[in-house]
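These notes concern the structure reproduced below.
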Amino acid sequence: MRALRLASLALALVAIPQLLHAQRPRPGITEVDRNDRGGFWASLSLGAGDEQVNLSGDDFGYSDAITRPIVGLKLGGTIGHRLRLGGEYLALFNDSRGAVETISHLGIVGQYYPLARAGFFLKGGVGLARSAVDYDFGGSVADYGVSATVGLGWEARIGRHFYIVPAVDAMIQSYSPTGPGYTERIGGLSVGILYQHGR
């Protein structure tokens with residue numbers, strides 16, 4: 001019986017250090033939480049959007065959609081695993097003969113993550129709308145109004161601080177110039193690169 005106890009003690013003395021060693025990280029490998037959101041963030045996106053306009057009082061509804069390039073820029077801070085807040089610039093460009101039309105939104109944006117450890121997010125924002133035409137010879141005209149955006153996307157990590165972000169956006173704008181008012185709406189698909197500084 002005594003021999004059995006001594007053998008058990010010897011086995012424990014040999015096994016315990018081996019178990020403790022196995023629990024330590026291997027040299028050169030760092031454990032990283034791949035879904036940790038924190039700190040400053042910024043993103044740049046490119047894509048294509050469908051634009052339609054509805055003139056008030058003409059009873060024709062929205063015009064046929066035209067597809068043009070869209071560009072988005074966002075930057076801000078992270079409130080927690082589920083929320084980012086920041087500023088957003090989103091614009092559609094229509095380059096026609098002798099002029100470039102720009103329909104843009106500049107405002108505040110929030111991104112909500114229903115699952116704290118996943119990259120899927122819902123987006124919403126409000127801000128200032130601008131519909132402008134810049135002529136090649138130097139002149140320009142612009143209307144200003146109010147704008148709202150909604151969207152959804154997914155952040156897929158591709159590096160320590162970088163993510164690729166496919167997204168869907170919808171934007172509606174209301175203008176009330178001196179003449180008849182009008183409404184613009186844009187739906188777009190884009191792919192962006194997100195930089196997150198981290199904590």
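So you can find residues: chains in the structure tokens are A, B, ... in the order shown, residues in each start at 1, and ligands are numbered from 1 in order.
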Once you count only C-alpha atoms, what closest atom pair and distance in Å to one decimal does each residue of stretch 41-119 of chain A within 8 Å of stretch 166-186 of chain A have, with rows by chain and rising residue number, as JSON lines?
{"residue": "A:Gly49", "atom": "CA", "partner": "A:Ile186", "partner_atom": "CA", "distance": 6.2}
{"residue": "A:Asp50", "atom": "CA", "partner": "A:Ile186", "partner_atom": "CA", "distance": 5.4}
{"residue": "A:Glu51", "atom": "CA", "partner": "A:Ile186", "partner_atom": "CA", "distance": 4.6}
{"residue": "A:Gln52", "atom": "CA", "partner": "A:Arg185", "partner_atom": "CA", "distance": 5.5}
{"residue": "A:Val53", "atom": "CA", "partner": "A:Glu184", "partner_atom": "CA", "distance": 4.6}
{"residue": "A:Asn54", "atom": "CA", "partner": "A:Thr183", "partner_atom": "CA", "distance": 5.2}
{"residue": "A:Leu55", "atom": "CA", "partner": "A:Tyr182", "partner_atom": "CA", "distance": 4.4}
{"residue": "A:Ser56", "atom": "CA", "partner": "A:Tyr182", "partner_atom": "CA", "distance": 5.3}
{"residue": "A:Gly57", "atom": "CA", "partner": "A:Pro180", "partner_atom": "CA", "distance": 7.7}
Filtered DSSP result for chain A, state strand (DSSP E), as a PyMOL selection string = chain A and resi 40-55+66-80+83-96+99-112+120-135+140-154+156-157+162-175+182-196
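Taking chain A and asking which residues DSSP calls alpha helix (DSSP H) on the backbone, you get Arg2, Ala3, Leu4, Arg5, Leu6, Ala7, Ser8, Leu9, Ala10, Leu11, Ala12, Leu13, Val14, Ala15, Ile16, Pro17, Gln18, Leu19, Leu20, His21, Ala22 and Gln23 of chain A.
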Prev. selection, C-alpha atoms, output as a compact mmCIF listing (two decimals), in the first residue's frame:
# COMPACT_ATOMS: atom_id res chain seq x y z
CA ARG A 2 2.82 2.34 0.91
CA ALA A 3 4.57 1.53 -2.36
CA LEU A 4 1.40 2.41 -4.27
CA ARG A 5 1.21 5.81 -2.54
CA LEU A 6 4.83 6.56 -3.31
CA ALA A 7 4.34 5.61 -6.94
CA SER A 8 1.26 7.90 -7.17
CA LEU A 9 3.19 10.80 -5.61
CA ALA A 10 6.10 10.31 -8.00
CA LEU A 11 3.72 10.24 -10.96
CA ALA A 12 2.04 13.47 -9.79
CA LEU A 13 5.40 15.21 -9.38
CA VAL A 14 6.30 14.31 -12.96
CA ALA A 15 2.87 15.06 -14.53
CA ILE A 16 2.06 18.43 -12.91
CA PRO A 17 5.02 20.36 -14.42
CA GLN A 18 4.23 18.86 -17.82
CA LEU A 19 0.57 20.01 -17.60
CA LEU A 20 1.59 23.51 -16.53
CA HIS A 21 4.07 23.73 -19.38
CA ALA A 22 1.41 22.64 -21.91
CA GLN A 23 -0.88 25.49 -20.80
Using only C-alpha atoms, determine which residues lie at most 8 Å from A:Lys74, disregarding the query and same-chain residues fewer than 5 positions distant; provide the list as a compact mmCIF listing (two decimals) with C-alpha atoms, in the first residue's frame.
# COMPACT_ATOMS: atom_id res chain seq x y z
CA ALA A 42 -11.59 54.96 -40.35
CA SER A 43 -12.85 53.43 -43.59
CA LEU A 44 -12.78 54.18 -47.30
CA GLY A 86 -18.47 58.84 -36.15
CA GLY A 87 -18.81 61.05 -39.19
CA GLU A 88 -19.64 59.96 -42.73
CA TYR A 89 -19.25 61.37 -46.22
Hey, can you check how far atom CA of A:Val191 sits from atom CA of A:Val133?
-> 26.2 Å
Who sits within 6 Å of A:Val100, only C-alpha atoms, same chain under 4 positions skipped, as a list of chain:residue names | A:Asn94, A:Asp95, A:Ser96, A:Val133, A:Asp134
Any chance you can output those residues with N, CA and C atoms as a compact mmCIF listing (two decimals), in the first residue's frame?
# COMPACT_ATOMS: atom_id res chain seq x y z
N ASN A 94 -21.82 61.70 -61.19
CA ASN A 94 -22.34 61.49 -62.54
C ASN A 94 -21.60 62.44 -63.47
N ASP A 95 -20.66 61.88 -64.21
CA ASP A 95 -19.84 62.67 -65.13
C ASP A 95 -20.50 62.68 -66.51
N SER A 96 -21.08 63.82 -66.85
CA SER A 96 -21.70 63.96 -68.18
C SER A 96 -20.92 64.97 -69.00
N VAL A 133 -23.84 70.67 -59.43
CA VAL A 133 -23.30 70.47 -60.77
C VAL A 133 -22.12 71.42 -60.94
N ASP A 134 -20.95 70.85 -61.23
CA ASP A 134 -19.75 71.63 -61.47
C ASP A 134 -19.41 71.56 -62.96
